[in-house]
$ cat start-v3.cif   # mmCIF, C-alpha atoms
data_start
#
loop_
_atom_site.label_atom_id
_atom_site.label_comp_id
_atom_site.auth_asym_id
_atom_site.auth_seq_id
_atom_site.Cartn_x
_atom_site.Cartn_y
_atom_site.Cartn_z
CA MET A 1 -4.52 6.62 28.84
CA GLY A 2 -5.22 3.05 29.67
CA ILE A 3 -6.45 0.01 27.85
CA GLN A 4 -10.12 -0.72 27.76
CA THR A 5 -11.56 -4.09 26.82
CA VAL A 6 -15.28 -4.25 26.38
CA SER A 7 -17.64 -6.87 25.04
CA GLN A 8 -19.12 -4.62 22.42
CA ALA A 9 -18.74 -1.13 21.08
CA LEU A 10 -20.72 1.80 22.27
CA SER A 11 -23.31 3.04 19.87
CA ASN A 12 -22.66 5.81 17.39
CA GLU A 13 -24.98 8.03 19.31
CA ASN A 14 -22.77 7.80 22.36
CA GLY A 15 -19.51 8.06 20.49
CA GLY A 16 -19.52 11.72 19.65
CA SER A 17 -17.93 11.19 16.23
CA SER A 18 -19.19 12.66 13.02
CA PRO A 19 -22.00 10.65 11.47
CA PHE A 20 -21.21 12.07 8.04
CA GLY A 21 -18.46 9.71 7.04
CA PHE A 22 -14.83 8.91 7.56
CA LYS A 23 -15.20 8.38 11.25
CA ASN A 24 -12.77 5.51 10.82
CA ARG A 25 -9.36 6.73 9.68
CA ILE A 26 -8.30 3.16 8.92
CA ILE A 27 -9.02 2.24 5.31
CA ASN A 28 -10.08 -1.32 4.60
CA GLY A 29 -10.43 -2.00 8.31
CA ALA A 30 -12.93 -4.76 7.56
CA MET A 31 -10.29 -6.41 5.35
CA VAL A 32 -12.57 -6.65 2.33
CA ILE A 33 -10.40 -5.27 -0.49
CA ASP A 34 -7.49 -7.38 -1.74
CA GLN A 35 -6.48 -6.11 -5.18
CA ARG A 36 -2.97 -7.52 -5.17
CA ASN A 37 -3.37 -11.05 -3.93
CA ALA A 38 -7.05 -11.90 -4.38
CA ALA A 39 -7.06 -13.81 -1.09
CA ALA A 40 -3.98 -15.84 -1.96
CA SER A 41 -1.38 -16.51 0.72
CA LEU A 42 1.67 -14.27 0.69
CA ASN A 43 5.14 -14.90 2.05
CA PRO A 44 5.84 -11.20 2.23
CA ALA A 45 8.91 -9.17 1.52
CA ASP A 46 9.53 -6.36 3.96
CA GLN A 47 7.22 -3.46 3.13
CA ALA A 48 5.12 -5.61 0.81
CA TYR A 49 1.38 -5.11 0.88
CA SER A 50 -1.01 -7.87 1.76
CA ILE A 51 -4.64 -6.86 1.44
CA ASP A 52 -5.13 -3.23 0.51
CA ARG A 53 -3.57 -0.64 2.79
CA TRP A 54 -2.06 -3.26 5.12
CA LYS A 55 1.69 -3.42 4.91
CA CYS A 56 3.91 -6.27 6.04
CA ARG A 57 7.02 -5.52 8.03
CA ARG A 58 9.65 -8.11 8.68
CA SER A 59 13.39 -8.15 9.27
CA GLN A 60 13.84 -11.82 8.32
CA ALA A 61 12.40 -13.71 5.40
CA SER A 62 9.82 -16.48 5.58
CA LYS A 63 8.85 -16.23 9.23
CA TYR A 64 5.17 -15.73 8.57
CA THR A 65 2.58 -15.85 5.83
CA ILE A 66 -0.34 -13.50 5.52
CA GLN A 67 -3.65 -13.94 3.76
CA GLN A 68 -7.18 -12.66 3.62
CA ASN A 69 -9.27 -15.16 5.61
CA ALA A 70 -6.33 -17.44 6.39
CA GLY A 71 -7.50 -20.60 8.08
CA SER A 72 -11.11 -20.01 7.00
CA VAL A 73 -12.54 -19.43 10.44
CA THR A 74 -15.84 -17.67 10.92
CA PRO A 75 -15.29 -13.91 11.25
CA PRO A 76 -16.91 -11.96 14.09
CA SER A 77 -20.57 -11.17 13.66
CA GLY A 78 -21.04 -8.38 11.17
CA PHE A 79 -17.84 -9.05 9.26
CA THR A 80 -17.15 -11.26 6.27
CA ASN A 81 -13.37 -11.01 6.12
CA TYR A 82 -10.30 -10.77 8.27
CA LEU A 83 -6.55 -10.49 7.85
CA GLY A 84 -4.77 -13.66 8.96
CA VAL A 85 -1.13 -14.21 9.90
CA THR A 86 0.35 -17.68 10.34
CA SER A 87 3.78 -18.23 11.83
CA SER A 88 6.11 -20.31 9.65
CA SER A 89 8.54 -21.42 12.35
CA SER A 90 9.57 -21.18 16.00
CA TYR A 91 11.86 -18.24 15.45
CA SER A 92 14.07 -16.84 18.21
CA LEU A 93 14.09 -13.08 17.96
CA LEU A 94 17.28 -11.09 17.63
CA SER A 95 17.47 -7.66 19.22
CA THR A 96 17.24 -6.02 15.80
CA ASP A 97 14.29 -8.07 14.56
CA TYR A 98 10.84 -6.76 13.81
CA PHE A 99 7.72 -8.44 12.50
CA ALA A 100 4.48 -6.50 12.23
CA VAL A 101 1.57 -5.50 10.10
CA GLN A 102 0.91 -1.82 9.78
CA GLN A 103 -1.32 0.74 8.19
CA ILE A 104 0.09 4.11 7.22
CA ILE A 105 -2.48 6.88 7.40
CA GLU A 106 -2.13 9.88 5.10
CA GLY A 107 -1.66 13.23 6.79
CA TYR A 108 -4.79 14.67 5.20
CA ASN A 109 -6.77 12.03 7.08
CA THR A 110 -5.35 12.91 10.48
CA SER A 111 -5.12 16.67 10.02
CA ASP A 112 -8.09 17.39 12.29
CA LEU A 113 -6.51 15.63 15.27
CA GLY A 114 -4.43 18.67 16.09
CA TRP A 115 -1.47 16.61 17.17
CA GLY A 116 1.81 18.28 17.97
CA ALA A 117 0.18 21.10 19.93
CA VAL A 118 -1.87 21.80 23.00
CA GLY A 119 -5.39 20.56 22.44
CA ALA A 120 -4.36 17.39 20.62
CA GLN A 121 -7.43 15.19 20.30
CA THR A 122 -7.79 11.76 21.87
CA VAL A 123 -8.26 8.84 19.50
CA THR A 124 -9.48 5.33 20.12
CA LEU A 125 -8.24 2.24 18.32
CA SER A 126 -10.63 -0.70 18.30
CA PHE A 127 -10.46 -4.08 16.63
CA TRP A 128 -11.45 -7.71 16.74
CA VAL A 129 -8.57 -10.11 17.23
CA ARG A 130 -8.14 -13.85 17.49
CA SER A 131 -5.01 -15.90 18.11
CA SER A 132 -3.95 -19.43 18.87
CA LEU A 133 -1.83 -17.84 21.58
CA THR A 134 -2.93 -16.02 24.70
CA GLY A 135 -1.27 -13.31 26.73
CA THR A 136 -0.28 -9.69 26.35
CA PHE A 137 0.10 -8.57 22.76
CA GLY A 138 1.40 -5.21 21.61
CA GLY A 139 1.48 -2.50 19.04
CA ALA A 140 2.57 1.09 18.59
CA LEU A 141 1.81 4.33 16.81
CA ASN A 142 4.52 6.45 15.22
CA ASN A 143 4.53 9.84 13.54
CA GLY A 144 5.65 10.24 9.93
CA ALA A 145 9.28 10.86 10.79
CA GLU A 146 9.16 7.92 13.22
CA VAL A 147 10.60 9.97 16.05
CA ARG A 148 7.47 9.92 18.20
CA ALA A 149 6.07 6.64 19.47
CA TYR A 150 3.16 5.45 21.59
CA GLY A 151 3.10 1.83 22.75
CA PHE A 152 -0.02 -0.08 23.59
CA THR A 153 -0.87 -3.57 24.77
CA TYR A 154 -3.98 -5.72 24.73
CA THR A 155 -4.70 -9.07 26.29
CA ILE A 156 -6.03 -12.10 24.48
CA ASN A 157 -7.68 -14.21 27.15
CA ASN A 158 -8.87 -17.24 25.22
CA ALA A 159 -7.15 -19.04 22.38
CA ASN A 160 -8.87 -19.29 19.02
CA THR A 161 -11.69 -16.98 20.05
CA TRP A 162 -12.57 -13.60 18.58
CA GLU A 163 -12.18 -10.88 21.19
CA TYR A 164 -12.95 -7.18 20.88
CA LYS A 165 -10.31 -4.73 22.07
CA THR A 166 -10.14 -1.00 22.46
CA VAL A 167 -7.16 1.24 23.13
CA ILE A 168 -7.65 4.86 24.14
CA ILE A 169 -4.76 7.08 23.07
CA SER A 170 -4.21 10.65 24.20
CA GLY A 171 -3.23 12.95 21.38
CA ASP A 172 0.44 13.81 21.18
CA THR A 173 1.08 17.44 22.09
CA SER A 174 4.68 17.29 20.86
CA GLY A 175 6.48 16.36 17.70
CA THR A 176 5.80 17.11 14.06
CA TRP A 177 2.68 15.60 12.52
CA LEU A 178 2.19 16.00 8.78
CA THR A 179 -1.21 17.17 7.64
CA THR A 180 -0.51 16.80 3.91
CA ASN A 181 -0.36 13.90 1.48
CA GLY A 182 2.68 12.59 3.33
CA ILE A 183 2.68 10.15 6.22
CA GLY A 184 0.42 11.28 9.02
CA LEU A 185 0.53 8.27 11.29
CA TYR A 186 1.75 4.68 11.48
CA VAL A 187 -0.46 2.13 13.21
CA ASN A 188 1.48 -1.03 14.00
CA PHE A 189 0.37 -4.44 15.24
CA ASN A 190 3.31 -6.40 16.52
CA LEU A 191 3.99 -10.01 15.53
CA GLY A 192 7.36 -10.27 17.31
CA THR A 193 10.02 -7.62 17.78
CA GLY A 194 13.41 -7.43 19.47
CA SER A 195 14.57 -4.75 21.85
CA GLN A 196 15.72 -2.20 19.28
CA TYR A 197 12.26 -1.69 17.80
CA GLY A 198 10.27 -3.15 20.66
CA SER A 199 10.73 -0.77 23.53
CA ALA A 200 7.93 1.74 23.11
CA THR A 201 6.61 3.17 26.34
CA ASN A 202 3.26 1.59 27.10
CA GLY A 203 0.50 4.17 27.31
CA SER A 204 2.38 7.38 26.61
CA TRP A 205 4.13 9.30 23.87
CA THR A 206 7.91 9.45 23.88
CA ALA A 207 10.61 10.73 21.56
CA GLY A 208 12.81 8.15 19.94
CA SER A 209 12.89 5.99 16.86
CA THR A 210 10.72 3.48 15.02
CA GLN A 211 8.80 1.30 17.46
CA PHE A 212 6.42 -1.58 16.90
CA THR A 213 5.50 -2.52 20.46
CA PRO A 214 6.35 -2.15 24.13
CA SER A 215 8.73 -4.82 25.42
CA GLY A 216 7.59 -8.16 26.73
CA THR A 217 4.67 -8.73 24.40
CA VAL A 218 3.75 -11.99 22.70
CA SER A 219 5.83 -12.94 19.67
CA VAL A 220 3.63 -14.72 17.15
CA VAL A 221 6.54 -15.69 14.92
CA SER A 222 8.20 -17.53 17.80
CA THR A 223 5.64 -20.34 17.84
CA ASN A 224 5.41 -22.52 14.77
CA ALA A 225 1.97 -22.44 13.13
CA ALA A 226 0.68 -19.85 15.60
CA THR A 227 -2.08 -17.71 14.18
CA TRP A 228 -3.07 -14.06 14.64
CA TYR A 229 -6.19 -12.77 12.94
CA VAL A 230 -7.63 -9.26 12.98
CA THR A 231 -10.58 -7.38 11.53
CA GLY A 232 -12.86 -4.46 12.26
CA VAL A 233 -9.91 -2.17 12.85
CA GLN A 234 -11.00 1.37 13.54
CA LEU A 235 -9.15 4.51 14.59
CA GLU A 236 -11.48 7.35 15.42
CA LYS A 237 -11.30 10.79 16.96
CA ALA A 238 -13.17 9.94 20.12
CA PRO A 239 -12.40 9.21 23.77
CA GLN A 240 -14.14 5.85 23.54
CA ALA A 241 -14.85 3.22 20.94
CA THR A 242 -17.98 3.44 18.88
CA ALA A 243 -19.54 1.00 16.45
CA PHE A 244 -17.45 0.05 13.44
CA ASP A 245 -17.89 2.54 10.62
CA TYR A 246 -19.17 0.24 7.90
CA ARG A 247 -18.64 1.76 4.48
CA ASP A 248 -20.11 0.54 1.23
CA TYR A 249 -17.84 -1.56 -0.97
CA GLY A 250 -17.55 1.01 -3.74
CA ARG A 251 -16.40 3.76 -1.42
CA GLU A 252 -13.94 1.50 0.39
CA LEU A 253 -12.47 0.41 -2.94
CA ALA A 254 -12.18 4.01 -4.06
CA LEU A 255 -10.39 4.89 -0.83
CA CYS A 256 -7.93 2.06 -1.48
CA GLN A 257 -7.44 3.15 -5.08
CA ARG A 258 -6.10 6.50 -3.98
CA TYR A 259 -2.98 4.48 -3.14
CA TYR A 260 -3.05 1.47 -5.46
CA VAL A 261 -4.90 0.40 -8.57
CA GLN A 262 -4.66 -3.00 -10.18
CA SER A 263 -6.54 -4.37 -13.14
CA ASN A 264 -6.27 -7.98 -14.17
CA SER A 265 -6.95 -9.33 -17.60
CA ALA A 266 -10.49 -10.59 -17.83
CA ALA A 267 -9.55 -13.53 -19.98
CA SER A 268 -6.87 -14.82 -22.26
CA GLY A 269 -6.76 -12.98 -25.52
CA THR A 270 -8.59 -9.87 -24.42
CA GLN A 271 -7.68 -6.24 -24.64
CA PHE A 272 -7.40 -3.95 -21.65
CA MET A 273 -9.95 -1.38 -22.53
CA GLU A 274 -8.85 0.88 -19.70
CA ILE A 275 -5.76 1.60 -21.77
CA THR A 276 -5.93 3.27 -25.10
CA GLY A 277 -3.18 4.62 -27.24
CA ARG A 278 -1.80 5.19 -30.66
CA PHE A 279 1.42 4.84 -32.53
CA THR A 280 3.28 8.13 -32.29
CA ALA A 281 6.36 7.09 -34.22
CA THR A 282 7.48 4.09 -36.19
CA THR A 283 9.15 2.72 -33.04
CA GLN A 284 6.88 4.09 -30.33
CA ALA A 285 3.33 3.90 -29.07
CA THR A 286 1.84 6.05 -26.31
CA TYR A 287 -0.99 5.12 -24.00
CA THR A 288 -3.25 6.73 -21.46
CA ILE A 289 -4.87 5.15 -18.43
CA SER A 290 -7.60 7.16 -16.80
CA LEU A 291 -7.44 6.47 -13.08
CA PRO A 292 -10.61 5.70 -11.14
CA VAL A 293 -9.78 8.24 -8.44
CA THR A 294 -7.24 10.96 -7.88
CA MET A 295 -4.20 9.26 -6.44
CA ARG A 296 -2.17 10.49 -3.51
CA ALA A 297 0.84 11.34 -5.68
CA GLN A 298 2.06 10.87 -9.22
CA PRO A 299 2.08 7.09 -9.34
CA ALA A 300 4.53 4.48 -10.54
CA LEU A 301 3.48 1.94 -13.11
CA SER A 302 4.07 -1.78 -13.49
CA ILE A 303 2.81 -3.94 -16.32
CA SER A 304 3.12 -7.70 -16.55
CA PRO A 305 5.82 -8.77 -18.98
CA ALA A 306 3.30 -11.04 -20.66
CA TYR A 307 1.53 -8.04 -22.09
CA ASN A 308 1.78 -7.73 -25.79
CA PHE A 309 1.38 -4.17 -26.93
CA SER A 310 -0.26 -5.22 -30.10
CA GLY A 311 -1.72 -2.98 -32.68
CA GLY A 312 -5.31 -4.02 -32.29
CA TRP A 313 -6.84 -4.55 -35.71
CA TYR A 314 -4.10 -2.65 -37.45
CA ALA A 315 -0.91 -4.48 -36.59
CA ASN A 316 0.48 -7.30 -34.56
CA LEU A 317 3.65 -6.20 -32.89
CA ALA A 318 4.84 -9.03 -30.72
CA GLY A 319 8.16 -8.47 -29.05
CA ILE A 320 7.59 -5.07 -27.55
CA THR A 321 9.40 -5.52 -24.30
CA ASN A 322 9.67 -2.26 -22.48
CA TYR A 323 7.75 0.77 -21.48
CA ALA A 324 8.44 4.00 -19.67
CA TRP A 325 6.86 6.98 -18.09
CA THR A 326 7.28 10.38 -19.49
CA SER A 327 6.11 13.79 -18.45
CA ALA A 328 3.34 15.02 -20.64
CA PRO A 329 4.16 18.46 -22.07
CA ALA A 330 2.71 21.23 -19.98
CA ALA A 331 0.96 18.75 -17.71
CA GLY A 332 0.67 19.61 -14.07
CA THR A 333 0.75 17.50 -10.98
CA ALA A 334 -3.02 17.31 -10.69
CA TYR A 335 -3.30 15.95 -14.19
CA LEU A 336 -0.75 13.26 -13.51
CA ASN A 337 -2.48 12.21 -10.31
CA ASN A 338 -5.61 11.54 -12.33
CA SER A 339 -4.19 9.67 -15.26
CA VAL A 340 -1.12 7.86 -16.39
CA TRP A 341 0.50 8.61 -19.70
CA PHE A 342 3.25 6.31 -20.83
CA TYR A 343 4.85 4.97 -23.94
CA VAL A 344 6.49 1.81 -25.15
CA SER A 345 9.16 1.37 -27.71
CA CYS A 346 8.22 -1.12 -30.32
CA SER A 347 9.47 -2.93 -33.31
CA THR A 348 9.62 -0.72 -36.37
CA ILE A 349 6.23 -0.48 -37.96
CA THR A 350 5.15 0.61 -41.36
CA SER A 351 5.14 4.40 -41.40
CA SER A 352 1.53 4.47 -42.51
CA TYR A 353 0.54 2.93 -39.17
CA VAL A 354 1.72 6.01 -37.25
CA GLY A 355 -1.30 7.68 -35.72
CA LEU A 356 -3.42 4.54 -35.64
CA TRP A 357 -5.11 3.17 -32.58
CA THR A 358 -3.43 0.51 -30.43
CA ASP A 359 -4.17 -1.17 -27.13
CA PRO A 360 -2.48 -3.69 -24.85
CA TYR A 361 -3.33 -7.26 -25.53
CA CYS A 362 -2.97 -10.31 -23.29
CA PRO A 363 -2.23 -13.34 -25.41
CA THR A 364 -1.70 -15.78 -22.55
CA THR A 365 -3.56 -16.89 -19.43
CA ALA A 366 -5.31 -14.13 -17.65
CA SER A 367 -4.54 -14.59 -13.97
CA ALA A 368 -0.95 -13.37 -13.96
CA ASN A 369 -1.49 -10.50 -16.37
CA TYR A 370 -2.23 -7.13 -14.92
CA PHE A 371 -1.19 -3.55 -14.75
CA ALA A 372 -0.59 -1.95 -11.38
CA ILE A 373 -0.29 1.67 -10.40
CA THR A 374 0.97 2.72 -7.00
CA ALA A 375 1.09 5.90 -4.99
CA GLU A 376 1.35 4.12 -1.65
CA LEU A 377 2.76 5.85 1.34
CA MET B 1 20.23 -5.99 -4.53
CA THR B 2 17.91 -3.38 -5.94
CA LYS B 3 18.60 -2.41 -9.53
CA TYR B 4 17.64 0.88 -11.10
CA LYS B 5 17.83 1.83 -14.74
CA LEU B 6 17.09 5.24 -16.22
CA GLN B 7 14.36 5.50 -18.83
CA LEU B 8 14.17 8.01 -21.63
CA GLY B 9 11.14 10.11 -22.28
CA ALA B 10 9.16 10.11 -25.47
CA TYR B 11 10.39 11.79 -28.61
CA PRO B 12 9.98 15.54 -28.06
CA MET B 13 7.75 17.24 -30.56
CA ASP B 14 10.46 19.77 -31.39
CA GLY B 15 12.94 17.09 -32.35
CA SER B 16 15.28 17.74 -29.43
CA PRO B 17 17.07 14.77 -27.87
CA ARG B 18 15.20 12.47 -25.53
CA THR B 19 16.05 12.87 -21.86
CA PRO B 20 15.53 10.57 -18.85
CA CYS B 21 12.08 10.98 -17.36
CA ALA B 22 11.74 7.92 -15.15
CA VAL B 23 13.65 5.11 -13.55
CA LEU B 24 12.88 1.41 -13.79
CA LYS B 25 13.20 -0.52 -10.53
CA ASP B 26 14.09 -4.20 -10.77
CA ASP B 27 12.55 -4.38 -14.24
CA THR B 28 9.15 -3.95 -12.61
CA TRP B 29 8.16 -0.45 -11.56
CA SER B 30 8.52 2.52 -13.85
CA ILE B 31 8.91 5.38 -11.38
CA PRO B 32 8.33 9.00 -12.36
CA PHE B 33 10.58 11.73 -11.07
CA ALA B 34 7.87 12.79 -8.65
CA PRO B 35 8.94 14.04 -5.22
CA ASP B 36 5.84 12.72 -3.44
CA ASN B 37 6.11 9.22 -4.84
CA THR B 38 7.41 6.83 -2.19
CA LEU B 39 9.29 4.69 -4.69
CA TYR B 40 11.02 7.80 -6.03
CA GLN B 41 11.94 8.80 -2.49
CA GLU B 42 13.49 5.36 -2.03
CA TYR B 43 15.42 5.86 -5.26
CA LEU B 44 16.77 9.21 -4.04
CA LYS B 45 17.85 7.55 -0.82
CA TRP B 46 19.58 4.83 -2.85
CA LEU B 47 21.37 7.53 -4.88
CA ALA B 48 22.42 9.31 -1.71
CA GLU B 49 24.09 6.12 -0.54
CA GLY B 50 26.49 6.47 -3.46
CA ASN B 51 24.81 4.14 -5.93
CA THR B 52 24.49 4.80 -9.65
CA PRO B 53 21.64 3.72 -11.91
CA GLU B 54 22.21 1.91 -15.15
CA PRO B 55 22.14 4.27 -18.12
CA ALA B 56 19.09 4.53 -20.29
CA GLU B 57 18.92 2.74 -23.58
CA GLU B 58 17.52 4.30 -26.69
CA THR B 59 15.07 1.43 -26.99
CA ASN B 60 13.49 1.75 -23.56
#
$ encode --input "start-v3.cif" --output "structure tokens"
Amino acid sequence: MGIQTVSQALSNENGGSSPFGFKNRIINGAMVIDQRNAAASLNPADQAYSIDRWKCRRSQASKYTIQQNAGSVTPPSGFTNYLGVTSSSSYSLLSTDYFAVQQIIEGYNTSDLGWGAVGAQTVTLSFWVRSSLTGTFGGALNNGAEVRAYGFTYTINNANTWEYKTVIISGDTSGTWLTTNGIGLYVNFNLGTGSQYGSATNGSWTAGSTQFTPSGTVSVVSTNAATWYVTGVQLEKAPQATAFDYRDYGRELALCQRYYVQSNSAASGTQFMEITGRFTATTQATYTISLPVTMRAQPALSISPAYNFSGGWYANLAGITNYAWTSAPAAGTAYLNNSVWFYVSCSTITSSYVGLWTDPYCPTTASANYFAITAEL
Amino acid sequence: MTKYKLQLGAYPMDGSPRTPCAVLKDDTWSIPFAPDNTLYQEYLKWLAEGNTPEPAEETN
């Protein structure tokens, strides 16, 4: 199917999509939630996350920065945020290079598309984009195993101007498409890619390997200080674009928290009340974190080193330096997707303290102290 | 270079020895042995490449 550029979206009434929610399979498409970076600029590692659900891909370090509302331009009407990429140099691409931002959609959220068989449903990708560059830009979709690819292009006609783009994509009738909590679909926006990962067929599905774009598209990272901004990204089961599926903040945050949860210390010297625990031995304390939503998988846990697993009112155990997961006895997968149970080893405490309450304590400045829990795809 | 270190579980209630229950990646992420967890899948891939994690310490 071809590319369609229109000045505004069709109305919901004309779109034919469900009005009951989750029309848009992209989470955080309005770029509102940024748990990790709180709108700070990021020089990303490969596979690092910028704002929630948006993953950075890059084969070389320090070729671009990414930030919520980078450059502080006015977003398109109806939006308050955007995802902004700024090129850090005039980089000459190697054939093996790739630079992109991507969203990975869980299989449960694409299961109704019927891809991989006759009757595969058409989807439409729509978004607002703005760049200091003009020309033909690219992107690609891949299946979970990254052996099916669909390339697409879109044209930015005017520099530094928000433009609305739509891409109509026929459903793939071949390949294997997960419909579980694994990877259902990759959606890639190219920022500059060499021939190895930049040769997707424009406008059709083909077998092959990981692809980020068709060949010959604009490379943002090849122009120093070039910008590429995007917001209002929507992927819907429909043969045409419809209005952006605005979701309330609480629901969007909850959707993001299925994959990542972060809680920062409110202030220096405060306890994290989300975490409660008790001393279970003279050298060990165990804690439980109740998660705000059921996560996609049993998550991994990271806690800032600055945390002091103190003993609340009962003890002051500075110097506890490590922590670990453990499997709760007789606990099933569902339980572990809903809460995190972990323990820390600690300095030897008085035996009479065993069984007493304890909670994590942040003795230093608040901004860098947090716990993070990830079940990202 | 990614570094992995095994982590022991909590003290079993029956007094049996502690066994590894997780792996610590780059001193940052404590990763459960959970097949659906992406970080654990990366760890398995790392193992398959012939790498070996650091042993667990009793104090972890």
$ closest_atom_pairs --input "start-v3.cif" --of "chain B" --to "chain A" --cutoff "9 Å" --atoms "only C-alpha atoms" --output "Markdown table"
| residue | atom | partner | partner_atom | distance |
| --- | --- | --- | --- | --- |
| B:Gln7 | CA | A:Ala324 | CA | 6.2 |
| B:Leu8 | CA | A:Ala324 | CA | 7.3 |
| B:Gly9 | CA | A:Thr326 | CA | 4.8 |
| B:Ala10 | CA | A:Thr326 | CA | 6.3 |
| B:Tyr11 | CA | A:Ala281 | CA | 8.4 |
| B:Pro12 | CA | A:Pro329 | CA | 8.8 |
| B:Pro20 | CA | A:Thr326 | CA | 8.3 |
| B:Cys21 | CA | A:Thr326 | CA | 5.3 |
| B:Ala22 | CA | A:Trp325 | CA | 5.8 |
| B:Val23 | CA | A:Ala324 | CA | 8.1 |
| B:Leu24 | CA | A:Ala324 | CA | 7.8 |
| B:Asp27 | CA | A:Ser302 | CA | 8.9 |
| B:Thr28 | CA | A:Ser302 | CA | 5.6 |
| B:Trp29 | CA | A:Ser302 | CA | 4.7 |
| B:Ser30 | CA | A:Leu301 | CA | 5.1 |
| B:Ile31 | CA | A:Ala300 | CA | 4.5 |
| B:Pro32 | CA | A:Ala300 | CA | 6.2 |
| B:Phe33 | CA | A:Gln298 | CA | 8.8 |
| B:Ala34 | CA | A:Gln298 | CA | 6.1 |
| B:Pro35 | CA | A:Ala297 | CA | 8.6 |
| B:Asp36 | CA | A:Ala297 | CA | 5.6 |
| B:Asn37 | CA | A:Ala297 | CA | 5.7 |
| B:Thr38 | CA | A:Leu377 | CA | 5.9 |
| B:Leu39 | CA | A:Ala300 | CA | 7.5 |
| B:Tyr40 | CA | A:Ala300 | CA | 8.6 |
| B:Glu58 | CA | A:Ser345 | CA | 8.9 |
| B:Thr59 | CA | A:Ser345 | CA | 6.0 |
| B:Asn60 | CA | A:Asn322 | CA | 5.6 |
$ atom_distance --input "start-v3.cif" --atom1 "atom CA of A:Tyr186" --atom2 "atom CA of A:Asn337"
23.4 Å
$ residues_around --input "start-v3.cif" --residues "A:Gly119" --least-positions-apart "3" --cutoff "10 Å" --atoms "all atoms listed in the file" --output "list in words"
Leu113, Gly114, Trp115, Gly116, Thr122, Gly171, Asp172 and Thr173 of chain A
$ residues_around --input "start-v3.cif" --residues "stretch 49-58 of chain A" --least-positions-apart "5" --cutoff "9 Å" --atoms "only C-alpha atoms" --output "MDAnalysis selection string"
chainID A and resid 26:29 31:39 41:42 44 63:64 66:68 83 97:105 253 256:257 259:260 376
$ write_last_selection --input "start-v3.cif" --atoms "C-alpha atoms" --output "CSV table (one decimal), in the frame of the given file"
chain,number,residue,atom,x,y,z
A,26,ILE,CA,-8.3,3.2,8.9
A,27,ILE,CA,-9.0,2.2,5.3
A,28,ASN,CA,-10.1,-1.3,4.6
A,29,GLY,CA,-10.4,-2.0,8.3
A,31,MET,CA,-10.3,-6.4,5.4
A,32,VAL,CA,-12.6,-6.6,2.3
A,33,ILE,CA,-10.4,-5.3,-0.5
A,34,ASP,CA,-7.5,-7.4,-1.7
A,35,GLN,CA,-6.5,-6.1,-5.2
A,36,ARG,CA,-3.0,-7.5,-5.2
A,37,ASN,CA,-3.4,-11.0,-3.9
A,38,ALA,CA,-7.0,-11.9,-4.4
A,39,ALA,CA,-7.1,-13.8,-1.1
A,41,SER,CA,-1.4,-16.5,0.7
A,42,LEU,CA,1.7,-14.3,0.7
A,44,PRO,CA,5.8,-11.2,2.2
A,63,LYS,CA,8.8,-16.2,9.2
A,64,TYR,CA,5.2,-15.7,8.6
A,66,ILE,CA,-0.3,-13.5,5.5
A,67,GLN,CA,-3.6,-13.9,3.8
A,68,GLN,CA,-7.2,-12.7,3.6
A,83,LEU,CA,-6.6,-10.5,7.8
A,97,ASP,CA,14.3,-8.1,14.6
A,98,TYR,CA,10.8,-6.8,13.8
A,99,PHE,CA,7.7,-8.4,12.5
A,100,ALA,CA,4.5,-6.5,12.2
A,101,VAL,CA,1.6,-5.5,10.1
A,102,GLN,CA,0.9,-1.8,9.8
A,103,GLN,CA,-1.3,0.7,8.2
A,104,ILE,CA,0.1,4.1,7.2
A,105,ILE,CA,-2.5,6.9,7.4
A,253,LEU,CA,-12.5,0.4,-2.9
A,256,CYS,CA,-7.9,2.1,-1.5
A,257,GLN,CA,-7.4,3.2,-5.1
A,259,TYR,CA,-3.0,4.5,-3.1
A,260,TYR,CA,-3.0,1.5,-5.5
A,376,GLU,CA,1.4,4.1,-1.6
$ atom_distance --input "start-v3.cif" --atom1 "atom CA of A:Gln121" --atom2 "atom CA of A:Pro239"
8.5 Å
$ resolve_selection --input "start-v3.cif" --expression "the PyMOL selection byres ((chain A and resi 165) around 6)" --output "list in words"
Thr5, Ser126, Phe127, Tyr164 and Thr166 of chain A
$ residues_around --input "start-v3.cif" --residues "stretch 86-96 of chain A" --least-positions-apart "4" --cutoff "7 Å" --atoms "all atoms listed in the file" --output "VMD selection string"
chain A and resid 62 to 66 193 to 197 220 to 228
$ atom_distance --input "start-v3.cif" --atom1 "atom CA of A:Val233" --atom2 "atom CA of A:Ser215"
22.6 Å
$ residues_around --input "start-v3.cif" --residues "B:Lys3" --least-positions-apart "2" --cutoff "8 Å" --atoms "all atoms listed in the file" --output "ChimeraX atom specification"
/B:1,5,25-27,53-54
$ resolve_selection --input "start-v3.cif" --expression "the PyMOL selection byres ((chain A and resi 107) around 6)" --output "list in words"
Glu106, Tyr108, Asn109, Thr110, Ser111, Leu178, Thr179, Thr180, Asn181, Gly182, Ile183 and Gly184 of chain A
$ closest_residue --input "start-v3.cif" --among "A:Leu191, A:Leu141, A:Leu133, A:Ala243" --to "A:Gln211" --atoms "only C-alpha atoms"
A:Leu141
$ closest_residue --input "start-v3.cif" --among "A:Tyr246, A:Phe79, A:Phe371, A:Phe22" --to "A:Trp162" --atoms "all atoms listed in the file"
A:Phe79
